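Structure first, commentary second.
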There are 2 protein chains.
Amino acid sequence: MSTQFPAPDAPERRRNLVVQLREAYSAINDLVPEHLVAHGFTDFRPAHSKVFEYLDDTGTTVNTLARRASMTKQAMAQLVAHLEDHGYVTRQPDPDDRRAKLVLPTDRGRRVFEVAQSWVPQVHARVQGLLGSDRFEELRRDLEAIRREFADQH
Amino acid sequence: MSTQFPAPDAPERRRNLVVQLREAYSAINDLVPEHLVAHGFTDFRPAHSKVFEYLDDTGTTVNTLARRASMTKQAMAQLVAHLEDHGYVTRQPDPDDRRAKLVLPTDRGRRVFEVAQSWVPQVHARVQGLLGSDRFEELRRDLEAIRREFADQH
DNA sequence: CTCATTTCGACAGGTAACTTGTCCATAGCC
DNA sequence: GGCTATGGACAAGTTACCTGTCGAAATGAG
């Protein structure tokens, strides 16, 4: 007889760690758009945060951003193009390299970054309240350990 | 003077919990395709696991699957169509409802499910080895608490 | 029983966030 | 000076979703 397929609520289908990580992540992350919209940023999507995560004030090339974010330069170029269209960043020719263009945040870009950053302490506080400070710190250490353990090893 | 934009390695840009959750999740999850390919399943993508996560042996309609997976029936129908094309599931008319078709796993579908399931204990063992059993269980409890705390409350 | 509403599935089309491939101009190196 | 590497643009394809619409069948209310 072939393997029985367990029912959706069967114990052997109880959430595994990977599913738990995904669900905890997206439960929190799904609230990001809501937070940004509440502050008037309707054209800023979660994927765009990757640009600001790796941008610096002196200007950064699309290629560098792509490398830092571990994605192709074409993908990063698309994100940057969208952000440029909506006034979050500008691009200026690099004076030291005539091939390159430097991506720079505009004031609007700085504002959305600040709004996103201001949300983080709220989340941290809520999770600390839920778990307590000790387990919150442990959780962060454990997640970091997992990331390192499973990160691309080649 | 406007806000300085912190450098990519500045302390105020240290990984926050949301980023840590995402990175821990994708560090592990990125290994899934590799595992499946190693067992000869090249046409099975992570998104398709959602079908098997909510399927039962007596057959399930696309609509039910969609509801369980919190996605639209059209999206689920696409996943099911792909899996049917590649012989992982079949669809039979529901004898009790002439509108409905029941999605059923094939033997091939059962095998890929088993392969995916067999990978979970390996991951759990590796994480337990990394953190120890106590913190592993704590981690699971904490993730579950976070999921519940931040899950759609309406 | 009939009619209005809901539900199941199909079809068409659109979008976000990526990907690969190709190309050109400029830079850097021997 | 020539070879190779790099920054960026353009084109096209893919995955995993979405909305909108439709017909057929089921369901519930009168």
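All residue names refer to the structure tokens as shown: chains lettered A, B, ... in order, residues numbered from 1 in each chain, ligands numbered from 1 in order.
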
Range 133-144 of chain A surroundings by only C-alpha atoms (C1' of nucleotides), 12 Å radius, close-in-sequence under 5 positions cut, as JSON, numbers by chain: {"A": [17, 18, 21, 25, 123, 124, 125, 126, 127, 128, 149, 150, 151], "B": [14, 15, 16, 17, 18, 19, 20, 21, 22, 23, 24, 25, 26, 27, 28, 127, 128, 129, 130, 131, 132, 134, 135, 136, 137, 138, 139, 140, 141, 142, 143, 145, 146]}

Test item, strand (DSSP E or B) assignment across chain B, answer as a count of residues only: 17

Point-to-point distance in Å for CA of Arg91 in chain B and CA of Val103 in chain B: 4.6 Å

Secondary structure check, helix (DSSP H, G or I) residues of chain A, as a VMD selection string: chain A and resid 11 to 13 17 to 29 31 to 38 46 to 54 62 to 68 73 to 85 107 to 131 133 to 150

For those residues, write C-alpha atoms to a file as an mmCIF file, in the first residue's frame.
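out-v8.cif written:
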```cif
data_model
loop_
_atom_site.group_PDB
_atom_site.id
_atom_site.type_symbol
_atom_site.label_atom_id
_atom_site.label_comp_id
_atom_site.auth_asym_id
_atom_site.auth_seq_id
_atom_site.Cartn_x
_atom_site.Cartn_y
_atom_site.Cartn_z
ATOM 1 C CA PRO A 11 0.433 16.150 13.839
ATOM 2 C CA GLU A 12 3.120 15.200 11.300
ATOM 3 C CA ARG A 13 2.155 18.341 9.439
ATOM 4 C CA LEU A 17 10.892 25.637 11.780
ATOM 5 C CA VAL A 18 11.143 26.894 8.210
ATOM 6 C CA VAL A 19 7.420 27.571 8.016
ATOM 7 C CA GLN A 20 7.558 29.192 11.451
ATOM 8 C CA LEU A 21 10.340 31.524 10.352
ATOM 9 C CA ARG A 22 8.437 32.434 7.206
ATOM 10 C CA GLU A 23 5.207 33.072 9.066
ATOM 11 C CA ALA A 24 6.795 35.115 11.838
ATOM 12 C CA TYR A 25 8.629 37.164 9.234
ATOM 13 C CA SER A 26 5.672 37.861 7.030
ATOM 14 C CA ALA A 27 3.309 38.494 9.939
ATOM 15 C CA ILE A 28 5.517 41.441 10.871
ATOM 16 C CA ASN A 29 6.600 42.458 7.414
ATOM 17 C CA LEU A 31 2.534 45.605 8.320
ATOM 18 C CA VAL A 32 5.220 47.675 6.566
ATOM 19 C CA PRO A 33 3.081 48.948 3.670
ATOM 20 C CA GLU A 34 0.366 49.929 6.133
ATOM 21 C CA HIS A 35 2.876 51.925 8.170
ATOM 22 C CA LEU A 36 4.281 53.691 5.110
ATOM 23 C CA VAL A 37 0.846 54.465 3.680
ATOM 24 C CA ALA A 38 -0.141 55.933 7.051
ATOM 25 C CA PRO A 46 8.984 46.737 0.460
ATOM 26 C CA ALA A 47 11.399 45.679 -2.275
ATOM 27 C CA HIS A 48 12.569 49.269 -2.609
ATOM 28 C CA SER A 49 13.885 49.256 0.913
ATOM 29 C CA LYS A 50 16.797 47.228 -0.421
ATOM 30 C CA VAL A 51 18.021 50.345 -2.187
ATOM 31 C CA PHE A 52 18.029 52.426 0.975
ATOM 32 C CA GLU A 53 19.482 49.588 3.000
ATOM 33 C CA TYR A 54 22.692 49.836 1.024
ATOM 34 C CA VAL A 62 23.748 50.723 -9.136
ATOM 35 C CA ASN A 63 26.378 48.041 -9.510
ATOM 36 C CA THR A 64 27.591 48.483 -5.954
ATOM 37 C CA LEU A 65 24.032 48.467 -4.641
ATOM 38 C CA ALA A 66 23.332 45.282 -6.575
ATOM 39 C CA ARG A 67 26.410 43.593 -5.170
ATOM 40 C CA ARG A 68 25.556 44.601 -1.604
ATOM 41 C CA LYS A 73 22.467 44.955 -11.528
ATOM 42 C CA GLN A 74 19.460 44.873 -13.876
ATOM 43 C CA ALA A 75 17.103 44.108 -11.022
ATOM 44 C CA MET A 76 18.619 46.848 -8.894
ATOM 45 C CA ALA A 77 18.508 49.242 -11.851
ATOM 46 C CA GLN A 78 14.754 48.666 -12.082
ATOM 47 C CA LEU A 79 14.219 49.429 -8.418
ATOM 48 C CA VAL A 80 16.329 52.563 -8.709
ATOM 49 C CA ALA A 81 14.453 53.642 -11.848
ATOM 50 C CA HIS A 82 11.150 53.364 -10.014
ATOM 51 C CA LEU A 83 12.474 55.314 -7.054
ATOM 52 C CA GLU A 84 13.872 57.964 -9.376
ATOM 53 C CA ASP A 85 10.524 58.279 -11.184
ATOM 54 C CA ASP A 107 14.876 64.767 0.803
ATOM 55 C CA ARG A 108 11.811 62.668 0.099
ATOM 56 C CA GLY A 109 14.035 59.602 0.097
ATOM 57 C CA ARG A 110 15.507 60.571 3.457
ATOM 58 C CA ARG A 111 12.035 61.043 4.863
ATOM 59 C CA VAL A 112 10.801 57.608 3.846
ATOM 60 C CA PHE A 113 13.971 56.113 5.283
ATOM 61 C CA GLU A 114 13.355 57.890 8.578
ATOM 62 C CA VAL A 115 9.744 56.722 8.668
ATOM 63 C CA ALA A 116 10.820 53.131 8.037
ATOM 64 C CA GLN A 117 13.546 53.377 10.670
ATOM 65 C CA SER A 118 11.171 54.875 13.207
ATOM 66 C CA TRP A 119 8.998 51.813 12.875
ATOM 67 C CA VAL A 120 11.738 49.383 13.923
ATOM 68 C CA PRO A 121 11.871 50.427 17.613
ATOM 69 C CA GLN A 122 8.097 50.017 17.794
ATOM 70 C CA VAL A 123 8.347 46.455 16.541
ATOM 71 C CA HIS A 124 11.263 45.692 18.840
ATOM 72 C CA ALA A 125 9.364 47.088 21.822
ATOM 73 C CA ARG A 126 6.315 45.031 20.982
ATOM 74 C CA VAL A 127 8.345 41.840 20.683
ATOM 75 C CA GLN A 128 10.278 42.610 23.876
ATOM 76 C CA GLY A 129 6.986 43.104 25.665
ATOM 77 C CA LEU A 130 5.854 39.761 24.319
ATOM 78 C CA LEU A 131 8.947 37.705 25.097
ATOM 79 C CA SER A 133 14.237 41.325 27.076
ATOM 80 C CA ASP A 134 16.276 38.201 27.745
ATOM 81 C CA ARG A 135 14.515 35.996 25.275
ATOM 82 C CA PHE A 136 14.373 38.833 22.793
ATOM 83 C CA GLU A 137 18.164 39.058 22.847
ATOM 84 C CA GLU A 138 18.453 35.279 22.706
ATOM 85 C CA LEU A 139 16.121 35.196 19.747
ATOM 86 C CA ARG A 140 18.285 37.701 17.904
ATOM 87 C CA ARG A 141 21.429 35.713 18.681
ATOM 88 C CA ASP A 142 19.771 32.484 17.555
ATOM 89 C CA LEU A 143 18.562 33.986 14.306
ATOM 90 C CA GLU A 144 22.012 35.331 13.598
ATOM 91 C CA ALA A 145 23.516 31.908 14.346
ATOM 92 C CA ILE A 146 21.064 30.267 11.950
ATOM 93 C CA ARG A 147 21.786 32.800 9.242
ATOM 94 C CA ARG A 148 25.515 32.170 9.518
ATOM 95 C CA GLU A 149 25.102 28.394 9.732
ATOM 96 C CA PHE A 150 22.990 28.121 6.591
#
```

Chain C residues near chain B (12 Å cut-off, only C-alpha atoms (C1' of nucleotides)) as a PyMOL selection string: chain C and resi 7-12

D:DG30, D:DG20, D:DG8, D:DG1 ranked by distance to chain A, top pick (using only C-alpha atoms (C1' of nucleotides)): D:DG8

Residues of chain C that approach range 10-13 of chain D to 12 Å or less, counting only C-alpha atoms (C1' of nucleotides): could you list each one with the shortest pair of atoms and its distance in Å to one decimal, rows by chain and increasing residue number, as a tab-separated table?
```
residue	atom	partner	partner_atom	distance
C:DC18	C1'	D:DG13	C1'	10.8
C:DT19	C1'	D:DG13	C1'	7.8
C:DT20	C1'	D:DG13	C1'	8.1
C:DG21	C1'	D:DA11	C1'	8.8
C:DT22	C1'	D:DA11	C1'	8.5
C:DC23	C1'	D:DC10	C1'	8.4
C:DC24	C1'	D:DC10	C1'	10.9
```

Would you export the selected residues with N, CA and C atoms (P, O5', C5', C4', C3', O3' and C1' of nucleotides) as a compact mmCIF listing (two decimals), in the first residue's frame, please?
```
# COMPACT_ATOMS: atom_id res chain seq x y z
P DC C 18 13.24 41.47 -5.81
O5' DC C 18 14.00 41.85 -7.19
C5' DC C 18 15.01 41.02 -7.76
C4' DC C 18 14.42 39.80 -8.45
C3' DC C 18 15.32 39.20 -9.52
O3' DC C 18 16.31 38.39 -8.93
C1' DC C 18 13.07 39.30 -10.29
P DT C 19 17.80 38.46 -9.54
O5' DT C 19 17.67 37.61 -10.89
C5' DT C 19 17.29 36.23 -10.82
C4' DT C 19 16.99 35.74 -12.22
C3' DT C 19 18.13 35.92 -13.21
O3' DT C 19 18.97 34.77 -13.17
C1' DT C 19 16.06 36.62 -14.17
P DT C 20 20.45 34.87 -13.78
O5' DT C 20 20.25 34.75 -15.35
C5' DT C 20 19.47 33.71 -15.92
C4' DT C 20 19.40 33.90 -17.43
C3' DT C 20 20.77 34.09 -18.09
O3' DT C 20 20.85 33.27 -19.25
C1' DT C 20 19.35 35.93 -18.62
P DG C 21 22.21 33.14 -20.08
O5' DG C 21 22.05 34.28 -21.20
C5' DG C 21 20.90 34.30 -22.02
C4' DG C 21 20.99 35.47 -23.01
C3' DG C 21 22.42 35.75 -23.51
O3' DG C 21 22.42 35.82 -24.93
C1' DG C 21 21.41 37.74 -22.70
P DT C 22 23.79 35.96 -25.73
O5' DT C 22 23.75 37.52 -26.12
C5' DT C 22 22.58 38.05 -26.74
C4' DT C 22 22.67 39.55 -26.85
C3' DT C 22 24.01 40.07 -27.40
O3' DT C 22 23.74 40.86 -28.55
C1' DT C 22 23.35 41.29 -25.47
P DC C 23 24.97 41.25 -29.55
O5' DC C 23 25.34 42.73 -29.10
C5' DC C 23 24.34 43.75 -29.19
C4' DC C 23 24.75 44.95 -28.38
C3' DC C 23 26.17 45.44 -28.64
O3' DC C 23 26.12 46.53 -29.55
C1' DC C 23 25.53 45.55 -26.31
P DC C 24 27.48 47.08 -30.19
O5' DC C 24 27.77 48.37 -29.29
C5' DC C 24 26.70 49.23 -28.90
C4' DC C 24 27.16 50.16 -27.79
C3' DC C 24 28.58 50.70 -28.01
O3' DC C 24 28.57 52.11 -27.81
C1' DC C 24 28.38 49.76 -25.85
```

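Proximity to chain A at a cut-off of 10 Å picks out DT6, DG7, DG8 and DA9 of chain D on chain D, counting only C-alpha atoms (C1' of nucleotides).
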
Take the residues just selected and output them with C-alpha atoms (C1' of nucleotides) as a PDB file, in the first residue's frame.
```pdb
ATOM      1  C1'  DT D   6      33.370  47.095 -15.221  1.00  0.00           C
ATOM      2  C1'  DG D   7      29.141  50.399 -15.265  1.00  0.00           C
ATOM      3  C1'  DG D   8      25.091  50.898 -17.339  1.00  0.00           C
ATOM      4  C1'  DA D   9      21.162  50.461 -20.963  1.00  0.00           C
TER       5       DA D   9
END
```

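With C1' of DG13 in chain C on one side and C1' of DT19 in chain D on the other, the separation reads 9.0 Å.
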
Residue nearest chain A - candidates B:Thr42, B:Ser70, B:Thr58, B:Gln92, atoms counted: only C-alpha atoms: B:Thr58

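We find CA of Asp30 in chain B and C1' of DA16 in chain D to be spaced 16.3 Å apart.
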
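Residues within 10 Å of DA4 in chain C, counting only C-alpha atoms (C1' of nucleotides) and excluding same-chain residues fewer than 2 positions away, are DT2 and DT6 of chain C; DG28 and DA29 of chain D.
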